[in-house]
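Novice: File follows, entry.txt with compact mmCIF, C-alpha atoms:
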```txt
# COMPACT_ATOMS: atom_id res chain seq x y z
CA MET A 1 0.00 0.00 0.00
CA SER A 2 1.44 3.36 -0.97
CA GLU A 3 1.79 6.09 1.67
CA GLN A 4 -0.69 8.31 -0.21
CA LYS A 5 -3.31 5.56 -0.26
CA HIS A 6 -2.72 5.03 3.44
CA CYS A 7 -3.35 8.74 4.18
CA HIS A 8 -6.49 8.68 2.07
CA ASP A 9 -7.87 5.64 3.90
CA LEU A 10 -7.14 7.01 7.34
CA ILE A 11 -8.86 10.33 6.69
CA GLU A 12 -12.18 8.48 7.00
CA THR A 13 -11.34 7.70 10.63
CA LEU A 14 -10.40 11.26 11.64
CA SER A 15 -13.74 12.36 13.10
CA ASP A 16 -13.93 9.36 15.41
CA TYR A 17 -10.29 9.91 16.32
CA VAL A 18 -10.62 13.56 17.32
CA ASP A 19 -13.79 12.68 19.26
CA GLY A 20 -11.94 9.89 21.10
CA ASN A 21 -14.35 7.30 19.70
CA LEU A 22 -12.07 5.37 17.36
CA ASN A 23 -11.80 1.67 18.14
CA PRO A 24 -8.46 0.74 19.75
CA VAL A 25 -7.09 -1.21 16.77
CA LEU A 26 -7.71 1.60 14.27
CA CYS A 27 -6.56 4.17 16.82
CA GLU A 28 -3.21 2.44 17.22
CA GLU A 29 -2.84 2.16 13.44
CA LEU A 30 -3.66 5.85 12.97
CA GLU A 31 -1.28 7.00 15.72
CA ARG A 32 1.51 4.88 14.25
CA HIS A 33 0.87 6.54 10.90
CA LEU A 34 0.75 10.02 12.48
CA ARG A 35 4.19 9.51 14.02
CA GLU A 36 5.59 8.98 10.53
CA CYS A 37 3.47 11.35 8.45
CA PRO A 38 3.85 15.09 9.11
CA ASN A 39 1.12 15.98 6.61
CA CYS A 40 -1.49 13.88 8.42
CA ARG A 41 -0.35 15.38 11.72
CA ILE A 42 -1.11 18.82 10.28
CA VAL A 43 -4.55 17.67 9.14
CA VAL A 44 -5.39 16.28 12.59
CA ASN A 45 -4.11 19.35 14.44
CA THR A 46 -5.83 21.86 12.17
CA LEU A 47 -9.04 19.81 12.22
CA ARG A 48 -9.09 19.99 16.02
CA LYS A 49 -8.31 23.70 15.92
CA THR A 50 -11.09 24.34 13.40
CA ILE A 51 -13.66 22.77 15.73
CA GLU A 52 -12.22 24.67 18.71
CA LEU A 53 -12.47 28.03 16.89
CA TYR A 54 -16.15 27.49 16.10
CA GLN A 55 -16.84 26.47 19.70
CA LYS A 56 -15.04 29.54 21.08
CA GLU A 57 -16.89 31.83 18.69
CA ALA A 58 -20.22 30.37 19.80
CA GLN A 59 -19.41 30.83 23.49
CA GLU A 60 -18.95 34.56 22.94
CA GLU A 61 -22.39 35.00 21.40
CA THR A 62 -25.27 35.91 23.67
CA LEU A 63 -28.93 36.57 23.03
CA PRO A 64 -29.37 40.30 22.30
CA ASP A 65 -31.47 42.03 24.98
CA ASP A 66 -34.02 43.36 22.49
CA VAL A 67 -34.49 39.89 20.97
CA ARG A 68 -35.06 38.43 24.47
CA GLU A 69 -37.55 41.14 25.32
CA ARG A 70 -39.59 40.59 22.14
CA LEU A 71 -39.49 36.83 22.76
CA PHE A 72 -40.87 37.19 26.29
CA ARG A 73 -43.60 39.54 25.04
CA ARG A 74 -44.60 37.11 22.27
CA LEU A 75 -44.76 34.28 24.81
CA ASP A 76 -46.80 36.38 27.22
CA LEU A 77 -44.00 36.13 29.79
CA THR A 78 -43.47 39.87 30.25
CA SER A 79 -43.84 39.61 34.03
CA PHE A 80 -40.73 37.38 34.07
CA LEU A 81 -38.52 39.91 32.28
CA LYS A 82 -35.71 40.92 34.61
CA MET B 1 -34.40 9.18 28.55
CA ASN B 2 -31.04 10.81 28.23
CA LYS B 3 -31.21 13.88 30.51
CA SER B 4 -28.62 16.60 30.21
CA PRO B 5 -27.51 18.54 33.32
CA VAL B 6 -29.57 21.49 32.06
CA ASP B 7 -32.66 19.29 31.73
CA GLU B 8 -32.09 18.05 35.27
CA ALA B 9 -32.47 21.61 36.54
CA LEU B 10 -36.04 21.87 35.21
CA SER B 11 -39.21 20.26 36.50
CA LEU B 12 -40.82 18.37 33.67
CA ASP B 13 -44.02 17.93 35.69
CA ALA B 14 -44.31 21.70 36.17
CA LEU B 15 -43.62 22.32 32.48
CA ARG B 16 -46.25 19.77 31.44
CA ALA B 17 -48.74 21.39 33.80
CA GLY B 18 -48.23 24.77 32.11
CA ASP B 19 -46.33 26.42 34.97
CA ARG B 20 -45.40 29.87 33.55
CA ASN B 21 -42.51 30.40 35.94
CA GLU B 22 -40.89 27.10 34.96
CA PHE B 23 -41.52 27.83 31.29
CA ALA B 24 -39.79 31.22 31.65
CA ARG B 25 -36.80 29.35 33.15
CA LEU B 26 -36.80 26.96 30.20
CA VAL B 27 -36.84 29.91 27.78
CA ASP B 28 -33.93 31.60 29.55
CA LEU B 29 -31.91 28.39 29.63
CA PHE B 30 -32.28 27.58 25.95
CA SER B 31 -33.10 30.81 24.07
CA GLY B 32 -29.45 31.79 23.53
CA ARG B 33 -28.58 28.43 22.06
CA ILE B 34 -31.71 28.22 19.91
CA TYR B 35 -31.14 31.74 18.54
CA ARG B 36 -27.48 31.02 17.75
CA LEU B 37 -28.38 27.78 15.99
CA ALA B 38 -31.16 29.46 14.01
CA LEU B 39 -28.88 32.32 13.02
CA GLN B 40 -26.23 29.93 11.72
CA ILE B 41 -28.76 27.86 9.77
CA THR B 42 -30.66 30.76 8.22
CA GLY B 43 -27.84 33.32 8.08
CA ASN B 44 -30.32 36.10 8.86
CA THR B 45 -31.15 37.81 12.18
CA GLN B 46 -34.86 38.36 11.42
CA ASP B 47 -35.32 34.74 10.34
CA ALA B 48 -33.44 33.59 13.45
CA GLU B 49 -35.76 35.63 15.67
CA ASP B 50 -38.81 34.15 13.93
CA VAL B 51 -37.41 30.65 14.49
CA LEU B 52 -36.74 31.45 18.14
CA GLN B 53 -40.28 32.68 18.78
CA GLU B 54 -41.99 29.88 16.85
CA THR B 55 -39.86 27.25 18.60
CA PHE B 56 -40.96 28.29 22.08
CA LEU B 57 -44.57 28.89 21.04
CA LYS B 58 -44.75 25.36 19.63
CA ALA B 59 -42.90 23.96 22.62
CA PHE B 60 -45.33 25.58 25.06
CA HIS B 61 -48.34 24.10 23.29
CA ALA B 62 -46.71 20.67 22.88
CA LEU B 63 -45.25 20.36 26.39
CA PRO B 64 -48.36 18.77 27.99
CA GLY B 65 -47.91 15.86 25.57
CA PHE B 66 -44.11 15.66 25.83
CA GLU B 67 -43.38 12.03 26.67
CA GLY B 68 -39.72 12.44 27.47
CA ARG B 69 -38.47 9.86 24.99
CA SER B 70 -35.67 12.29 24.18
CA SER B 71 -34.15 14.97 26.41
CA LEU B 72 -35.82 18.37 26.51
CA SER B 73 -32.85 19.94 24.78
CA THR B 74 -32.90 17.42 21.91
CA TRP B 75 -36.64 17.96 21.56
CA LEU B 76 -36.26 21.76 21.45
CA TYR B 77 -33.40 21.55 18.94
CA ARG B 78 -35.57 19.35 16.75
CA ILE B 79 -38.39 21.91 16.74
CA ALA B 80 -35.94 24.74 16.04
CA VAL B 81 -34.17 22.90 13.22
CA ASN B 82 -37.50 22.11 11.57
CA GLU B 83 -38.58 25.75 11.83
CA ALA B 84 -35.28 26.99 10.40
CA LEU B 85 -35.33 24.49 7.54
CA MET B 86 -38.90 25.46 6.73
CA ILE B 87 -37.72 29.04 6.27
CA LEU B 88 -34.96 27.87 3.94
CA ARG B 89 -37.48 25.85 1.95
CA ARG B 90 -39.72 28.91 1.63
CA GLN B 91 -36.69 30.74 0.27
CA LYS B 92 -36.34 27.93 -2.30
CA VAL B 93 -33.03 26.71 -0.95
CA GLN B 94 -32.75 23.21 -2.41
CA PHE B 95 -31.65 20.56 0.06
CA SER B 96 -32.70 17.37 1.74
CA LEU B 97 -32.01 15.81 5.09
CA ALA B 98 -33.33 12.49 3.83
CA GLU B 99 -31.49 9.21 4.19
CA ASP B 100 -29.77 7.30 1.45
CA ASN B 101 -28.69 10.28 -0.58
CA GLU B 102 -24.95 10.37 -0.30
CA SER B 103 -24.91 12.41 -3.50
CA ASN B 104 -26.39 15.23 -1.44
CA ASP B 105 -23.29 15.09 0.67
CA GLU B 106 -21.38 15.78 -2.51
CA GLU B 107 -18.06 14.24 -3.32
CA LYS B 108 -15.59 13.11 -0.71
CA THR B 109 -13.43 15.85 0.68
CA GLU B 110 -9.71 15.48 0.36
CA ALA B 111 -7.26 17.20 2.68
CA LEU B 112 -5.43 19.46 0.25
CA GLN B 113 -4.28 22.32 2.47
CA LEU B 114 -1.25 21.20 4.45
CA VAL B 115 -0.23 24.36 6.26
CA ASP B 116 0.12 24.14 10.04
CA TRP B 117 -1.58 27.30 11.31
CA CYS B 118 -2.31 26.00 14.81
CA CYS B 119 0.51 28.01 16.34
CA LEU B 120 -0.65 31.39 15.11
CA PRO B 121 -1.18 33.85 17.98
CA GLU B 122 -4.61 33.67 19.64
CA ASP B 123 -5.44 37.27 18.73
CA GLU B 124 -4.90 36.34 15.09
CA LEU B 125 -7.06 33.21 15.43
CA GLN B 126 -9.88 35.15 17.06
CA SER B 127 -9.73 38.44 15.19
CA THR B 128 -12.80 40.11 13.71
CA GLU B 129 -11.51 39.15 10.28
CA THR B 130 -11.20 35.50 11.32
CA ARG B 131 -14.74 35.52 12.71
CA ARG B 132 -15.98 36.78 9.36
CA VAL B 133 -14.11 33.96 7.60
CA LEU B 134 -15.57 31.37 10.01
CA GLU B 135 -19.05 32.70 9.33
CA GLU B 136 -18.64 32.71 5.55
CA ALA B 137 -17.15 29.22 5.55
CA ILE B 138 -20.01 27.69 7.49
CA GLN B 139 -22.59 29.44 5.30
CA ARG B 140 -20.99 27.85 2.23
CA LEU B 141 -21.71 24.35 3.56
CA SER B 142 -24.90 22.74 2.31
CA PRO B 143 -27.70 22.96 4.93
CA ALA B 144 -27.50 19.17 5.41
CA LEU B 145 -23.83 19.37 6.41
CA ARG B 146 -24.11 22.68 8.25
CA VAL B 147 -26.85 21.59 10.61
CA VAL B 148 -24.99 18.41 11.59
CA PHE B 149 -21.82 20.38 12.35
CA LEU B 150 -23.76 22.96 14.37
CA LEU B 151 -25.63 20.45 16.52
CA ARG B 152 -22.70 18.11 17.11
CA ASP B 153 -19.69 20.41 17.35
CA VAL B 154 -21.07 23.82 18.29
CA GLU B 155 -24.03 22.82 20.49
CA GLY B 156 -22.28 19.71 21.79
CA LEU B 157 -25.03 17.16 21.16
CA SER B 158 -24.02 13.50 21.04
CA VAL B 159 -24.08 11.70 17.70
CA LYS B 160 -27.28 9.94 18.81
CA ASP B 161 -29.01 13.16 19.90
CA THR B 162 -27.93 14.88 16.68
CA ALA B 163 -29.42 11.98 14.71
CA ASP B 164 -32.64 12.12 16.76
CA SER B 165 -32.93 15.89 16.34
CA LEU B 166 -32.67 15.58 12.57
CA GLY B 167 -34.51 12.31 12.06
CA ILE B 168 -31.52 10.69 10.33
CA THR B 169 -29.31 7.72 11.25
CA GLU B 170 -26.20 7.94 13.39
CA SER B 171 -24.09 6.73 10.46
CA ALA B 172 -25.44 9.58 8.32
CA VAL B 173 -24.49 12.02 11.09
CA LYS B 174 -20.95 10.64 11.17
CA VAL B 175 -20.50 10.81 7.40
CA ARG B 176 -21.80 14.38 7.22
CA LEU B 177 -19.85 15.50 10.26
CA LEU B 178 -16.59 14.34 8.74
CA ARG B 179 -17.38 16.08 5.43
CA ALA B 180 -18.34 19.30 7.21
CA ARG B 181 -15.29 19.32 9.44
CA LEU B 182 -12.89 18.63 6.58
CA ARG B 183 -14.41 21.32 4.39
CA LEU B 184 -14.27 23.93 7.12
CA ARG B 185 -10.67 22.93 7.86
CA GLU B 186 -9.81 23.38 4.18
CA GLU B 187 -11.37 26.84 4.07
CA LEU B 188 -9.67 28.01 7.26
CA SER B 189 -6.36 26.54 6.14
CA ALA B 190 -6.54 28.42 2.84
CA TYR B 191 -7.25 31.65 4.71
CA PHE B 192 -4.58 31.22 7.37
CA SER B 193 -1.92 30.09 4.89
CA GLU B 194 -2.41 33.40 3.06
CA ARG B 195 -2.05 35.24 6.36
CA MET B 196 1.14 33.37 7.15
CA GLU B 197 2.66 34.30 3.79
CA LYS B 198 2.16 38.02 4.48
```
Hey, can you dump this file as structure tokens for me?
Specialist:
Amino acid sequence: MSEQKHCHDLIETLSDYVDGNLNPVLCEELERHLRECPNCRIVVNTLRKTIELYQKEAQEETLPDDVRERLFRRLDLTSFLK
Amino acid sequence: MNKSPVDEALSLDALRAGDRNEFARLVDLFSGRIYRLALQITGNTQDAEDVLQETFLKAFHALPGFEGRSSLSTWLYRIAVNEALMILRRQKVQFSLAEDNESNDEEKTEALQLVDWCCLPEDELQSTETRRVLEEAIQRLSPALRVVFLLRDVEGLSVKDTADSLGITESAVKVRLLRARLRLREELSAYFSERMEK
């Protein structure tokens, strides 16, 4: 099996790997490959970072006050507006 | 029933009985997340607000019959996703969340960008410009991929809860999640590699 084919096959396992859900046999095979393949290491690291950036961005977003107020009015919950 | 810590904090009996105080607590616990999800699916603040309001209106009327087969959060996400997708359909955005249509997931994504941008300074990674690029990249995903990424990675639902929220199989969630993640990684890598060359 060529190295390129190997990389291509392993990419299908990346989601399970970054989620920590890859079965132990495939996980060991992938980690062995990652030790030898700098390009795949970059893909794994930047994949993790991509997810992290979206999560951080979401954490910074809050419901605008005016949107909350209109929501409570529509739901007839005005007396619970603080 | 798979209860999340947030669900644990609410009284399902009170919600089913129409307790306004408990419903207001439910709204405050979930409205931020529902609005954010709706905004990312529709890409429009007015549409997101409509989704938000309709979601809680429908939830209030449906709560007496809520059987608790899924968690409250999964149930709310499902209502919100359906509302948001209905708006896209009205706008004639062509898509399907149906099973057995891998062609809708488009071709497999290869990892073509091989620039390691992980070590860029945090202020570069979280700049206003980067936030704009993140937003544009996610809006370029098809709705079928976008919604899976949002529920699983941004809202933190499990694969099973994501599948339940969308009415698709867990294997479909996994396939779409991988495609979405790889595409977003490609887009961010292209952007950051340009920044690193400057």
Novice: Need the shell around Leu150 in chain B: protein/DNA/RNA residues with any atom at most 10 Å away, counting only C-alpha atoms. Skip same-chain ones fewer than 5 positions apart. Format as a PyMOL selection string?
Specialist: (chain A and resi 54-55+58) or (chain B and resi 36-38+40-41+138+145+155-157+162+177+180)
Novice: Which residue is closest to Thr50 in chain A? Choose from B:Leu52, B:Ala9, B:Val154, B:Leu188 and count only C-alpha atoms.
Specialist: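 Among B:Leu52, B:Ala9, B:Val154, B:Leu188, it is B:Leu188 that comes nearest to Thr50 in chain A.
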Novice: With a cut-off of 7 Å and counting only C-alpha atoms, select all residues of chain A in contact with chain B and give the selection as an MDAnalysis selection string.
Specialist: chainID A and resid 15 39 42:43 45:47 49:51 54:55 58 62:63 67 71 75 77 80
Novice: Just how far from CA of Arg176 in chain B is CA of Arg140 in chain B, in Å to one decimal?
Specialist: 14.4 Å
Novice: Using all atoms listed in the file, which protein or nucleic acid residues come within 12 Å of Leu34 in chain A? Drop anything in the same chain fewer than 6 positions from it, and give the result as an NGL selection string.
Specialist: :A and (3 or 6-7 or 10-11 or 14 or 17 or 27-28 or 40-45)
Novice: Pick the closest to Thr74 in chain B from B:Ile168, B:Val133, B:Ala163, B:Met196: which is it, counting only C-alpha atoms?
Specialist: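 Ranking B:Ile168, B:Val133, B:Ala163, B:Met196 by distance to Thr74 in chain B, first place goes to B:Ala163.
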Novice: Between CA of Cys37 in chain A and CA of Arg152 in chain B, measure the distance and give it in Å to one decimal.
Specialist: 28.4 Å
Novice: Could you jot down the CA of Ala190 in chain B to CA of Gly43 in chain B separation for me, Å, one decimal place?
Specialist: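 Distance between the two atoms: 22.5 Å.
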Novice: Calculated over all atoms listed in the file, which of the candidates B:Leu39, B:Ser171, B:Ser73, B:Lys160 has the smallest distance to Leu10 in chain B?
Specialist: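 Of all the options, B:Ser73 lies closest to Leu10 in chain B.
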Novice: Taking (-32.2, 21.4, 14.2) in the file's coordinates as the center, which residues reach within 7 Å of it, counting all atoms listed in the file, put as an MDAnalysis selection string?
Specialist: chainID B and resid 77:82 147 165:166
Novice: List the spatial neighbours of Leu81 in chain A as a ChimeraX atom specification - criterion: any atom at most 9 Å away, all atoms listed in the file, same-chain residues fewer than 6 positions off excluded.
Specialist: /A:68-69,72-73 /B:24
Novice: Take the selection from the previous step and output its residues with C-alpha atoms, as an mmCIF file, in the frame of the given file.
Specialist:
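In the end it all went to again.cif:
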```cif
data_model
loop_
_atom_site.group_PDB
_atom_site.id
_atom_site.type_symbol
_atom_site.label_atom_id
_atom_site.label_comp_id
_atom_site.auth_asym_id
_atom_site.auth_seq_id
_atom_site.Cartn_x
_atom_site.Cartn_y
_atom_site.Cartn_z
ATOM 1 C CA ARG A 68 -35.060 38.430 24.470
ATOM 2 C CA GLU A 69 -37.550 41.140 25.320
ATOM 3 C CA PHE A 72 -40.870 37.190 26.290
ATOM 4 C CA ARG A 73 -43.600 39.540 25.040
ATOM 5 C CA ALA B 24 -39.790 31.220 31.650
#
```
Novice: Go ahead and fit an axis-aligned box to every listed atom of range 174-183 of chain B plus 3 Å each side, and pass me the centre and edge lengths in Å, one decimal, as JSON.
Specialist:
```
{"center_x": -17.3, "center_y": 16.0, "center_z": 7.8, "size_x": 14.9, "size_y": 16.7, "size_z": 12.8}
```
Novice: Of the residues A:Lys56, A:Arg48, A:His33, A:Arg70, which is the one nearest to Gly20 in chain A, using all atoms listed in the file?
Specialist: A:Arg48
Novice: Can you give me N, CA, C and O atoms for range 128-148 of chain B, written as a JSON list (two decimals), in the coordinates of the input?
Specialist:
```json
[["chain", "number", "residue", "atom", "x", "y", "z"],
["B", 128, "THR", "N", -11.52, 39.84, 14.38],
["B", 128, "THR", "CA", -12.80, 40.11, 13.71],
["B", 128, "THR", "C", -12.80, 39.53, 12.31],
["B", 128, "THR", "O", -13.79, 38.98, 11.84],
["B", 129, "GLU", "N", -11.64, 39.68, 11.65],
["B", 129, "GLU", "CA", -11.51, 39.15, 10.28],
["B", 129, "GLU", "C", -11.68, 37.63, 10.27],
["B", 129, "GLU", "O", -12.37, 37.07, 9.41],
["B", 130, "THR", "N", -11.07, 36.96, 11.25],
["B", 130, "THR", "CA", -11.20, 35.50, 11.32],
["B", 130, "THR", "C", -12.65, 35.09, 11.58],
["B", 130, "THR", "O", -13.15, 34.13, 10.99],
["B", 131, "ARG", "N", -13.33, 35.84, 12.43],
["B", 131, "ARG", "CA", -14.74, 35.52, 12.71],
["B", 131, "ARG", "C", -15.57, 35.64, 11.44],
["B", 131, "ARG", "O", -16.49, 34.84, 11.22],
["B", 132, "ARG", "N", -15.26, 36.63, 10.63],
["B", 132, "ARG", "CA", -15.98, 36.78, 9.36],
["B", 132, "ARG", "C", -15.73, 35.56, 8.45],
["B", 132, "ARG", "O", -16.64, 35.03, 7.82],
["B", 133, "VAL", "N", -14.46, 35.12, 8.43],
["B", 133, "VAL", "CA", -14.11, 33.96, 7.60],
["B", 133, "VAL", "C", -14.81, 32.69, 8.11],
["B", 133, "VAL", "O", -15.33, 31.89, 7.32],
["B", 134, "LEU", "N", -14.86, 32.52, 9.42],
["B", 134, "LEU", "CA", -15.57, 31.37, 10.01],
["B", 134, "LEU", "C", -17.03, 31.37, 9.58],
["B", 134, "LEU", "O", -17.59, 30.35, 9.19],
["B", 135, "GLU", "N", -17.64, 32.56, 9.67],
["B", 135, "GLU", "CA", -19.05, 32.70, 9.33],
["B", 135, "GLU", "C", -19.30, 32.38, 7.85],
["B", 135, "GLU", "O", -20.22, 31.64, 7.50],
["B", 136, "GLU", "N", -18.45, 32.94, 6.98],
["B", 136, "GLU", "CA", -18.64, 32.71, 5.55],
["B", 136, "GLU", "C", -18.43, 31.24, 5.20],
["B", 136, "GLU", "O", -19.13, 30.69, 4.36],
["B", 137, "ALA", "N", -17.45, 30.63, 5.86],
["B", 137, "ALA", "CA", -17.15, 29.22, 5.55],
["B", 137, "ALA", "C", -18.32, 28.33, 5.91],
["B", 137, "ALA", "O", -18.71, 27.44, 5.15],
["B", 138, "ILE", "N", -18.91, 28.57, 7.07],
["B", 138, "ILE", "CA", -20.01, 27.69, 7.49],
["B", 138, "ILE", "C", -21.26, 27.93, 6.63],
["B", 138, "ILE", "O", -22.01, 27.00, 6.35],
["B", 139, "GLN", "N", -21.44, 29.17, 6.17],
["B", 139, "GLN", "CA", -22.59, 29.44, 5.30],
["B", 139, "GLN", "C", -22.43, 28.80, 3.92],
["B", 139, "GLN", "O", -23.41, 28.60, 3.21],
["B", 140, "ARG", "N", -21.19, 28.49, 3.54],
["B", 140, "ARG", "CA", -20.99, 27.85, 2.23],
["B", 140, "ARG", "C", -21.25, 26.34, 2.27],
["B", 140, "ARG", "O", -21.36, 25.70, 1.24],
["B", 141, "LEU", "N", -21.34, 25.76, 3.48],
["B", 141, "LEU", "CA", -21.71, 24.35, 3.56],
["B", 141, "LEU", "C", -23.15, 24.18, 3.14],
["B", 141, "LEU", "O", -23.97, 25.08, 3.33],
["B", 142, "SER", "N", -23.48, 23.01, 2.60],
["B", 142, "SER", "CA", -24.90, 22.74, 2.31],
["B", 142, "SER", "C", -25.65, 22.69, 3.65],
["B", 142, "SER", "O", -25.05, 22.34, 4.68],
["B", 143, "PRO", "N", -26.96, 23.03, 3.66],
["B", 143, "PRO", "CA", -27.70, 22.96, 4.93],
["B", 143, "PRO", "C", -27.59, 21.60, 5.61],
["B", 143, "PRO", "O", -27.51, 21.52, 6.83],
["B", 144, "ALA", "N", -27.56, 20.52, 4.82],
["B", 144, "ALA", "CA", -27.50, 19.17, 5.41],
["B", 144, "ALA", "C", -26.21, 18.96, 6.20],
["B", 144, "ALA", "O", -26.21, 18.31, 7.25],
["B", 145, "LEU", "N", -25.10, 19.49, 5.69],
["B", 145, "LEU", "CA", -23.83, 19.37, 6.41],
["B", 145, "LEU", "C", -23.76, 20.38, 7.55],
["B", 145, "LEU", "O", -23.29, 20.08, 8.65],
["B", 146, "ARG", "N", -24.23, 21.60, 7.26],
["B", 146, "ARG", "CA", -24.11, 22.68, 8.25],
["B", 146, "ARG", "C", -24.82, 22.34, 9.54],
["B", 146, "ARG", "O", -24.31, 22.52, 10.64],
["B", 147, "VAL", "N", -26.04, 21.82, 9.41],
["B", 147, "VAL", "CA", -26.85, 21.59, 10.61],
["B", 147, "VAL", "C", -26.25, 20.47, 11.46],
["B", 147, "VAL", "O", -26.30, 20.52, 12.70],
["B", 148, "VAL", "N", -25.64, 19.48, 10.83],
["B", 148, "VAL", "CA", -24.99, 18.41, 11.59],
["B", 148, "VAL", "C", -23.79, 18.97, 12.36],
["B", 148, "VAL", "O", -23.61, 18.70, 13.55]]
```
